[in-house]
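Peer 1: Once you've had a glance at the structure underneath, I'll fire off some questions.
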Amino acid sequence: MTVTTELNVPDLLGRASAKTGLADFGDDWFREPLDVLVRSLNTEASLSPLGFELTRHRLTALLADRLRLRELQRNHPEVLDVEVRVAAEICGLPRTGSTLLHRLLAASPQVTSTLSWEVAYPLPFPGEGPDAERRKSRARERMQVFAQLSPDFGDLHTVVWDGPEEDVLLLDRTFVSMSFDSFYWVPSYGDWLRSADQRPAYRELREWLQVLQWQHADRSLPWVLKSPHHLTAVDTVLDEFPDCRIVMTHRSPVNAVPSYASMVRAMSAQYSENVDPVHIGRYWSGRFARTLRGFASARSARPERFVDVRFADTVSRPLDVAREVLTALGLPPGPADDAAFEAYLTRNRTERHGSHSYSPADFGLSEDRLRTDFAFYSEVYL
């Protein structure tokens with residue numbers, strides 16, 4: 001069943017204001033991406049009744065966070081003076097070992113990373129203590145609900161409520177995010193995103209990182225962040241974070257593209273009863289091919305800002321790869337790093353790692369066509 005009620009931007013703005021008692025959203029540049037997203041959700045996403053309610057709740061919460069961010073900056077202007085240093089953004093196609101690499105590097109005592117609970121709830125709750133226990137409790141509850149809605153997702157991607165998580169979830173609050181065309185069938189939004197000027201969104205990403213550091217005065221280490229979204233804005237990332245290196249993870253698209261299509265199918269089934277795996281596969285195959293072609297030109301202009309990591313190496317010798325990447329970032333590893341990496345790898349073996357079955361044909365794809373379409377990439381990096 002698909003709902004006939006439509007999402008309405010003024011209604012969403014009003015709900016966020018009523019929820020917070022606030023009215024200042026700051027610069028209204030975000031209205032364009034929000035308008036494009038809502039239009040695409042209304043006309044393309046085929047939201048189920050539950051999907052509609054979940055989506056309206058989510059968009060309202062993201063807008064409420066925008067309001068609260070501006071209030072916090074007004075009440076504590078010193079937050080805008082916090083120095084943010086980003087050592088690395090790990091990106092590559094999804095399903096290329098970037099999650100393992102991110103969580104491994106995040107274990108190093110030389111860096112910090114965004115955690116799952118804090119990208120879900122980045123702002124202190126009223127009256128909350130420094131331990132942020134209410135937000136952590138809410139994050140645990142939220143993860144349990146997500147697991148009920150998508151029981152197979154844990155076989156595709158292990159999520160730990162207090163572990164490192166993608167910073168793209170902070171970008172969700174700008175409405176400029178790969179999250180949306182991953183969770184919903186919104187191809188017109190995805191088309192818009194690929195050509196959008198993302199500089200305002202990344203300026204706000206810096207502001208969110210300032211907020212996270214400001215909450216912990218001793219949190220001054222450089223950030224190691226991760227999301228495949230950053231492939232759509234490589235030049236913007238490098239301009240906004242001048243010390244940042246792009247750590248590019250590589251795996252054959254013959255494996256990576258169908259694997260991500262399988263993940264998208266699982267995620268989008270929360271919101272729609274009309275999920276078409278063939279549409280998903282062909283959309284993401286085309287989207288990733290265009291993204292990688294654009295990435296090549298950005299890389300050629302600043303090759304010294306890139307570090308390459310192959311999936312096979314990350315899986316077969318993760319400790320060596322982590323040490324090599326830290327060295328490339330100008331953070332030579334020592335015994336404390338090695339101990340932290342070993343501890344994470346031991347813990348990682350105990351976390352849920354299921355298996356899922358799929359083939360390119362499940363998503364209207366073929367291995368031969370994927371090899372042809374991505375030959376320009378595979379011949380250089382694999």
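Going through the structure tokens in order, the chains are called A, B, and so on, while each chain numbers its residues from 1 and the ligands are numbered from 1 in the order shown.
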Just the residues within 10 Å of Ala64 (chain A), please, counting only C-alpha atoms, with nothing from its chain fewer than 4 positions along; format it as a list of chain:residue names.
Peer 2: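 Once the nearby chain positions are removed, what remains is A:Leu12, A:Leu13, A:Gly14, A:Arg15, A:Ala16, A:Ser17, A:Ala18, A:Lys19, A:Thr20, A:Gly21, A:Leu22, A:Ala23, A:Phe25, A:Arg58, A:Leu59, A:Thr60, A:Arg68, A:Leu69, A:Arg173.
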Peer 1: Kindly save the residues from that selection, with all heavy atoms included, as a CSV table (one decimal), in the first residue's frame.
Peer 2:
chain,number,residue,atom,x,y,z
A,12,LEU,N,6.7,20.5,7.7
A,12,LEU,CA,7.9,20.0,8.4
A,12,LEU,C,8.6,21.1,9.2
A,12,LEU,O,9.0,20.8,10.3
A,12,LEU,CB,8.8,19.4,7.4
A,12,LEU,CG,8.3,18.1,6.6
A,12,LEU,CD1,9.3,17.8,5.5
A,12,LEU,CD2,8.2,16.9,7.6
A,13,LEU,N,8.7,22.2,8.6
A,13,LEU,CA,9.4,23.4,9.3
A,13,LEU,C,8.6,23.7,10.6
A,13,LEU,O,9.1,24.0,11.6
A,13,LEU,CB,9.5,24.6,8.4
A,13,LEU,CG,10.4,24.4,7.2
A,13,LEU,CD1,10.2,25.6,6.2
A,13,LEU,CD2,11.9,24.3,7.6
A,14,GLY,N,7.3,23.8,10.4
A,14,GLY,CA,6.4,24.1,11.6
A,14,GLY,C,6.5,23.0,12.7
A,14,GLY,O,6.5,23.4,13.9
A,15,ARG,N,6.5,21.8,12.3
A,15,ARG,CA,6.6,20.7,13.3
A,15,ARG,C,8.0,20.8,14.0
A,15,ARG,O,8.0,20.6,15.3
A,15,ARG,CB,6.5,19.3,12.6
A,15,ARG,CG,5.2,18.9,12.1
A,15,ARG,CD,5.1,17.7,11.3
A,15,ARG,NE,3.8,17.3,10.9
A,15,ARG,CZ,3.0,16.5,11.6
A,15,ARG,NH1,3.4,16.0,12.7
A,15,ARG,NH2,1.8,16.2,11.2
A,16,ALA,N,9.0,21.1,13.3
A,16,ALA,CA,10.3,21.3,14.0
A,16,ALA,C,10.3,22.4,15.0
A,16,ALA,O,10.9,22.3,16.1
A,16,ALA,CB,11.4,21.4,12.9
A,17,SER,N,9.7,23.5,14.6
A,17,SER,CA,9.6,24.7,15.5
A,17,SER,C,8.8,24.4,16.7
A,17,SER,O,9.1,24.8,17.8
A,17,SER,CB,9.1,25.9,14.7
A,17,SER,OG,10.0,26.4,13.8
A,18,ALA,N,7.7,23.7,16.5
A,18,ALA,CA,6.8,23.4,17.6
A,18,ALA,C,7.5,22.4,18.5
A,18,ALA,O,7.3,22.5,19.8
A,18,ALA,CB,5.5,22.7,17.1
A,19,LYS,N,8.3,21.5,18.0
A,19,LYS,CA,9.0,20.5,18.8
A,19,LYS,C,10.0,21.2,19.7
A,19,LYS,O,10.3,20.8,20.8
A,19,LYS,CB,9.6,19.5,17.9
A,19,LYS,CG,10.4,18.4,18.6
A,19,LYS,CD,11.0,17.4,17.6
A,19,LYS,CE,11.7,16.3,18.3
A,19,LYS,NZ,12.2,15.2,17.4
A,20,THR,N,10.7,22.2,19.2
A,20,THR,CA,11.8,22.8,19.9
A,20,THR,C,11.5,24.2,20.6
A,20,THR,O,12.2,24.6,21.4
A,20,THR,CB,13.0,23.1,18.9
A,20,THR,OG1,12.5,23.9,17.9
A,20,THR,CG2,13.5,21.7,18.3
A,21,GLY,N,10.4,24.8,20.1
A,21,GLY,CA,10.1,26.2,20.6
A,21,GLY,C,11.1,27.2,20.0
A,21,GLY,O,11.2,28.3,20.5
A,22,LEU,N,11.7,26.8,18.9
A,22,LEU,CA,12.7,27.7,18.2
A,22,LEU,C,12.2,28.0,16.8
A,22,LEU,O,11.4,27.3,16.2
A,22,LEU,CB,14.1,27.1,18.2
A,22,LEU,CG,14.7,26.6,19.6
A,22,LEU,CD1,15.9,25.8,19.4
A,22,LEU,CD2,15.0,27.9,20.4
A,23,ALA,N,12.8,29.1,16.2
A,23,ALA,CA,12.3,29.5,14.9
A,23,ALA,C,13.5,29.9,13.9
A,23,ALA,O,13.3,30.0,12.7
A,23,ALA,CB,11.4,30.7,15.0
A,25,PHE,N,16.4,28.9,11.8
A,25,PHE,CA,17.1,27.9,11.1
A,25,PHE,C,18.4,28.3,10.5
A,25,PHE,O,19.1,27.5,9.9
A,25,PHE,CB,16.2,27.3,9.9
A,25,PHE,CG,15.0,26.6,10.3
A,25,PHE,CD1,13.8,27.2,10.5
A,25,PHE,CD2,15.1,25.2,10.6
A,25,PHE,CE1,12.6,26.5,10.8
A,25,PHE,CE2,14.0,24.5,11.0
A,25,PHE,CZ,12.7,25.1,11.1
A,58,ARG,N,11.6,11.6,10.8
A,58,ARG,CA,13.0,11.7,10.6
A,58,ARG,C,13.3,13.1,10.1
A,58,ARG,O,14.2,13.8,10.6
A,58,ARG,CB,13.5,10.7,9.6
A,58,ARG,CG,15.0,10.8,9.2
A,58,ARG,CD,15.9,10.7,10.4
A,58,ARG,NE,17.3,10.7,10.0
A,58,ARG,CZ,18.3,11.0,10.8
A,58,ARG,NH1,18.1,11.3,12.1
A,58,ARG,NH2,19.6,10.9,10.4
A,59,LEU,N,12.6,13.6,9.1
A,59,LEU,CA,12.9,15.0,8.5
A,59,LEU,C,12.6,16.0,9.6
A,59,LEU,O,13.4,17.0,9.6
A,59,LEU,CB,12.0,15.2,7.3
A,59,LEU,CG,12.3,14.3,6.1
A,59,LEU,CD1,11.4,14.6,4.9
A,59,LEU,CD2,13.8,14.4,5.6
A,60,THR,N,11.6,15.8,10.3
A,60,THR,CA,11.3,16.8,11.4
A,60,THR,C,12.4,16.8,12.4
A,60,THR,O,12.9,17.9,12.9
A,60,THR,CB,10.0,16.4,12.1
A,60,THR,OG1,8.9,16.5,11.2
A,60,THR,CG2,9.7,17.4,13.3
A,68,ARG,N,18.4,23.6,16.9
A,68,ARG,CA,19.1,23.5,18.1
A,68,ARG,C,20.6,23.9,17.9
A,68,ARG,O,21.3,24.4,18.8
A,68,ARG,CB,19.0,22.1,18.7
A,68,ARG,CG,17.6,21.8,19.2
A,68,ARG,CD,17.5,20.4,19.7
A,68,ARG,NE,16.1,20.1,20.2
A,68,ARG,CZ,15.4,19.0,19.9
A,68,ARG,NH1,15.9,18.1,19.1
A,68,ARG,NH2,14.2,18.8,20.4
A,69,LEU,N,21.1,23.6,16.7
A,69,LEU,CA,22.5,23.9,16.5
A,69,LEU,C,22.7,25.5,16.5
A,69,LEU,O,23.6,26.0,17.1
A,69,LEU,CB,22.9,23.4,15.1
A,69,LEU,CG,24.3,23.9,14.6
A,69,LEU,CD1,25.4,23.4,15.5
A,69,LEU,CD2,24.5,23.5,13.1
A,173,ARG,N,21.7,16.4,8.1
A,173,ARG,CA,21.0,17.6,8.6
A,173,ARG,C,21.1,18.7,7.6
A,173,ARG,O,20.5,19.8,7.8
A,173,ARG,CB,21.6,17.9,10.0
A,173,ARG,CG,21.2,16.9,11.0
A,173,ARG,CD,22.1,16.9,12.2
A,173,ARG,NE,21.7,15.9,13.2
A,173,ARG,CZ,21.9,14.6,13.2
A,173,ARG,NH1,22.7,14.1,12.2
A,173,ARG,NH2,21.5,13.8,14.1
Peer 1: Write out as a PyMOL selection string all residues of region 89-147 of chain A that backbone DSSP assigns to alpha helix (DSSP H).
Peer 2: chain A and resi 98-106+116-120+133-147
Peer 1: Next, the residues of the selection above should be written as a PDB file, in the first residue's frame with C-alpha atoms.
Peer 2:
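Contents of part.pdb, freshly written:
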ATOM      1  CA  SER A  98      36.109   0.996   4.142  1.00  0.00           C
ATOM      2  CA  THR A  99      34.146   0.143   7.307  1.00  0.00           C
ATOM      3  CA  LEU A 100      36.783  -2.288   8.548  1.00  0.00           C
ATOM      4  CA  LEU A 101      39.551   0.176   7.746  1.00  0.00           C
ATOM      5  CA  HIS A 102      37.696   3.051   9.432  1.00  0.00           C
ATOM      6  CA  ARG A 103      37.020   1.152  12.640  1.00  0.00           C
ATOM      7  CA  LEU A 104      40.562  -0.142  12.734  1.00  0.00           C
ATOM      8  CA  LEU A 105      42.130   3.310  12.294  1.00  0.00           C
ATOM      9  CA  ALA A 106      39.667   4.835  14.756  1.00  0.00           C
ATOM     10  CA  SER A 116      27.283   6.017  16.113  1.00  0.00           C
ATOM     11  CA  TRP A 117      25.407   7.448  19.101  1.00  0.00           C
ATOM     12  CA  GLU A 118      26.734  10.968  18.584  1.00  0.00           C
ATOM     13  CA  VAL A 119      25.985  11.207  14.859  1.00  0.00           C
ATOM     14  CA  ALA A 120      22.449  10.146  15.791  1.00  0.00           C
ATOM     15  CA  GLU A 133      23.870   8.777  29.093  1.00  0.00           C
ATOM     16  CA  ARG A 134      20.405   9.810  27.884  1.00  0.00           C
ATOM     17  CA  ARG A 135      21.599  10.151  24.304  1.00  0.00           C
ATOM     18  CA  LYS A 136      23.455   6.852  24.502  1.00  0.00           C
ATOM     19  CA  SER A 137      20.357   5.134  25.869  1.00  0.00           C
ATOM     20  CA  ARG A 138      18.242   6.643  23.098  1.00  0.00           C
ATOM     21  CA  ALA A 139      20.779   5.448  20.505  1.00  0.00           C
ATOM     22  CA  ARG A 140      20.634   1.896  21.859  1.00  0.00           C
ATOM     23  CA  GLU A 141      16.832   1.939  21.680  1.00  0.00           C
ATOM     24  CA  ARG A 142      16.919   3.368  18.163  1.00  0.00           C
ATOM     25  CA  MET A 143      19.264   0.619  17.014  1.00  0.00           C
ATOM     26  CA  GLN A 144      16.927  -2.027  18.414  1.00  0.00           C
ATOM     27  CA  VAL A 145      14.010  -0.555  16.459  1.00  0.00           C
ATOM     28  CA  PHE A 146      16.108  -0.437  13.288  1.00  0.00           C
ATOM     29  CA  ALA A 147      17.037  -4.097  13.753  1.00  0.00           C
TER      30      ALA A 147
END
Peer 1: For Val275 (chain A), which of A:Tyr377, A:Ser195, A:Ala261, A:Arg310 is the closest residue, counting only C-alpha atoms?
Peer 2: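 Of the candidates, the smallest distance to Val275 (chain A) is held by A:Ala261.
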Peer 1: Return as a tab-separated table the residues of region 13-113 of chain A lying at most 12 Å from region 251-259 of chain A, together with the closest atom-to-atom pair for each and the distance in Å to one decimal, counting only C-alpha atoms, with rows in chain order and ascending residue number.
Peer 2:
residue	atom	partner	partner_atom	distance
A:Cys91	CA	A:Arg251	CA	11.8
A:Gly92	CA	A:Arg251	CA	8.6
A:Leu93	CA	A:Ala256	CA	7.0
A:Pro94	CA	A:Ala256	CA	6.6
A:Arg95	CA	A:Ala256	CA	5.3
A:Thr96	CA	A:Arg251	CA	5.2
A:Gly97	CA	A:Arg251	CA	8.0
A:Ser98	CA	A:Arg251	CA	10.1
Peer 1: Which region 254-357 of chain A residues have any atom within 12 Å of an atom of region 369-374 of chain A, and for each, what is the nearest pair of atoms with distance in Å to one decimal, counting only C-alpha atoms, rows sorted by chain and number, as a tab-separated table?
Peer 2:
residue	atom	partner	partner_atom	distance
A:Val254	CA	A:Leu370	CA	5.6
A:Asn255	CA	A:Leu370	CA	9.2
A:Ala256	CA	A:Leu370	CA	10.2
A:Val257	CA	A:Leu370	CA	8.4
A:Pro258	CA	A:Leu370	CA	9.6
A:Gly281	CA	A:Leu370	CA	10.9
A:Arg282	CA	A:Leu370	CA	10.3
A:Trp284	CA	A:Leu370	CA	11.4
A:Ser285	CA	A:Leu370	CA	7.8
A:Gly286	CA	A:Asp373	CA	8.6
A:Arg287	CA	A:Asp373	CA	11.4
A:Phe288	CA	A:Phe374	CA	9.0
A:Ala289	CA	A:Phe374	CA	6.4
A:Arg290	CA	A:Phe374	CA	9.7
A:Thr291	CA	A:Phe374	CA	11.1
A:Leu292	CA	A:Phe374	CA	8.8
A:Arg293	CA	A:Phe374	CA	9.4
Peer 1: With N, CA and C atoms retained, export the selected residues as a PDB file, in the first residue's frame.
Peer 2:
ATOM      1  N   VAL A 254      32.520  -5.322  -9.888  1.00  0.00           N
ATOM      2  CA  VAL A 254      31.738  -6.529 -10.150  1.00  0.00           C
ATOM      3  C   VAL A 254      31.210  -7.105  -8.843  1.00  0.00           C
ATOM      4  N   ASN A 255      31.968  -6.948  -7.777  1.00  0.00           N
ATOM      5  CA  ASN A 255      31.529  -7.383  -6.447  1.00  0.00           C
ATOM      6  C   ASN A 255      30.852  -6.267  -5.664  1.00  0.00           C
ATOM      7  N   ALA A 256      31.419  -5.071  -5.729  1.00  0.00           N
ATOM      8  CA  ALA A 256      30.957  -3.987  -4.870  1.00  0.00           C
ATOM      9  C   ALA A 256      29.560  -3.489  -5.249  1.00  0.00           C
ATOM     10  N   VAL A 257      29.285  -3.346  -6.543  1.00  0.00           N
ATOM     11  CA  VAL A 257      28.009  -2.758  -6.959  1.00  0.00           C
ATOM     12  C   VAL A 257      26.824  -3.651  -6.593  1.00  0.00           C
ATOM     13  N   PRO A 258      26.822  -4.941  -6.948  1.00  0.00           N
ATOM     14  CA  PRO A 258      25.685  -5.779  -6.529  1.00  0.00           C
ATOM     15  C   PRO A 258      25.560  -5.886  -5.010  1.00  0.00           C
ATOM     16  N   GLY A 281      19.612  -1.716  -8.899  1.00  0.00           N
ATOM     17  CA  GLY A 281      20.897  -2.121  -9.448  1.00  0.00           C
ATOM     18  C   GLY A 281      21.362  -1.222 -10.572  1.00  0.00           C
ATOM     19  N   ARG A 282      20.479  -0.913 -11.474  1.00  0.00           N
ATOM     20  CA  ARG A 282      20.869  -0.099 -12.625  1.00  0.00           C
ATOM     21  C   ARG A 282      21.130   1.345 -12.212  1.00  0.00           C
ATOM     22  N   TRP A 284      22.316   2.414  -9.237  1.00  0.00           N
ATOM     23  CA  TRP A 284      23.584   2.544  -8.531  1.00  0.00           C
ATOM     24  C   TRP A 284      24.773   2.210  -9.420  1.00  0.00           C
ATOM     25  N   SER A 285      24.609   1.307 -10.363  1.00  0.00           N
ATOM     26  CA  SER A 285      25.697   1.039 -11.299  1.00  0.00           C
ATOM     27  C   SER A 285      26.026   2.296 -12.105  1.00  0.00           C
ATOM     28  N   GLY A 286      25.000   2.953 -12.631  1.00  0.00           N
ATOM     29  CA  GLY A 286      25.226   4.184 -13.387  1.00  0.00           C
ATOM     30  C   GLY A 286      25.741   5.307 -12.519  1.00  0.00           C
ATOM     31  N   ARG A 287      25.213   5.419 -11.333  1.00  0.00           N
ATOM     32  CA  ARG A 287      25.616   6.497 -10.418  1.00  0.00           C
ATOM     33  C   ARG A 287      27.084   6.356 -10.036  1.00  0.00           C
ATOM     34  N   PHE A 288      27.495   5.130  -9.702  1.00  0.00           N
ATOM     35  CA  PHE A 288      28.887   4.930  -9.302  1.00  0.00           C
ATOM     36  C   PHE A 288      29.851   5.121 -10.471  1.00  0.00           C
ATOM     37  N   ALA A 289      29.469   4.701 -11.653  1.00  0.00           N
ATOM     38  CA  ALA A 289      30.345   4.893 -12.815  1.00  0.00           C
ATOM     39  C   ALA A 289      30.572   6.376 -13.072  1.00  0.00           C
ATOM     40  N   ARG A 290      29.506   7.165 -13.016  1.00  0.00           N
ATOM     41  CA  ARG A 290      29.647   8.609 -13.242  1.00  0.00           C
ATOM     42  C   ARG A 290      30.461   9.257 -12.124  1.00  0.00           C
ATOM     43  N   THR A 291      30.244   8.805 -10.891  1.00  0.00           N
ATOM     44  CA  THR A 291      30.975   9.370  -9.765  1.00  0.00           C
ATOM     45  C   THR A 291      32.469   9.091  -9.883  1.00  0.00           C
ATOM     46  N   LEU A 292      32.826   7.871 -10.251  1.00  0.00           N
ATOM     47  CA  LEU A 292      34.239   7.523 -10.364  1.00  0.00           C
ATOM     48  C   LEU A 292      34.920   8.265 -11.510  1.00  0.00           C
ATOM     49  N   ARG A 293      34.200   8.514 -12.577  1.00  0.00           N
ATOM     50  CA  ARG A 293      34.779   9.299 -13.671  1.00  0.00           C
ATOM     51  C   ARG A 293      35.054  10.732 -13.200  1.00  0.00           C
TER      52      ARG A 293
END
Peer 1: I want to know what sits within 7 Å of region 175-190 of chain A, based on only C-alpha atoms, with residues of the same chain fewer than 3 positions away left out; could you give that as a list in words?
Peer 2: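 Surrounding residues, per the criterion: Phe30, Pro33, Leu34, Val36, Leu37, Ser40, Leu41, Glu44, Ala45, Val168, Leu171, Asp172, Leu193, Arg194, Ala201, His229, Val264, Met267 and Ser268 of chain A.
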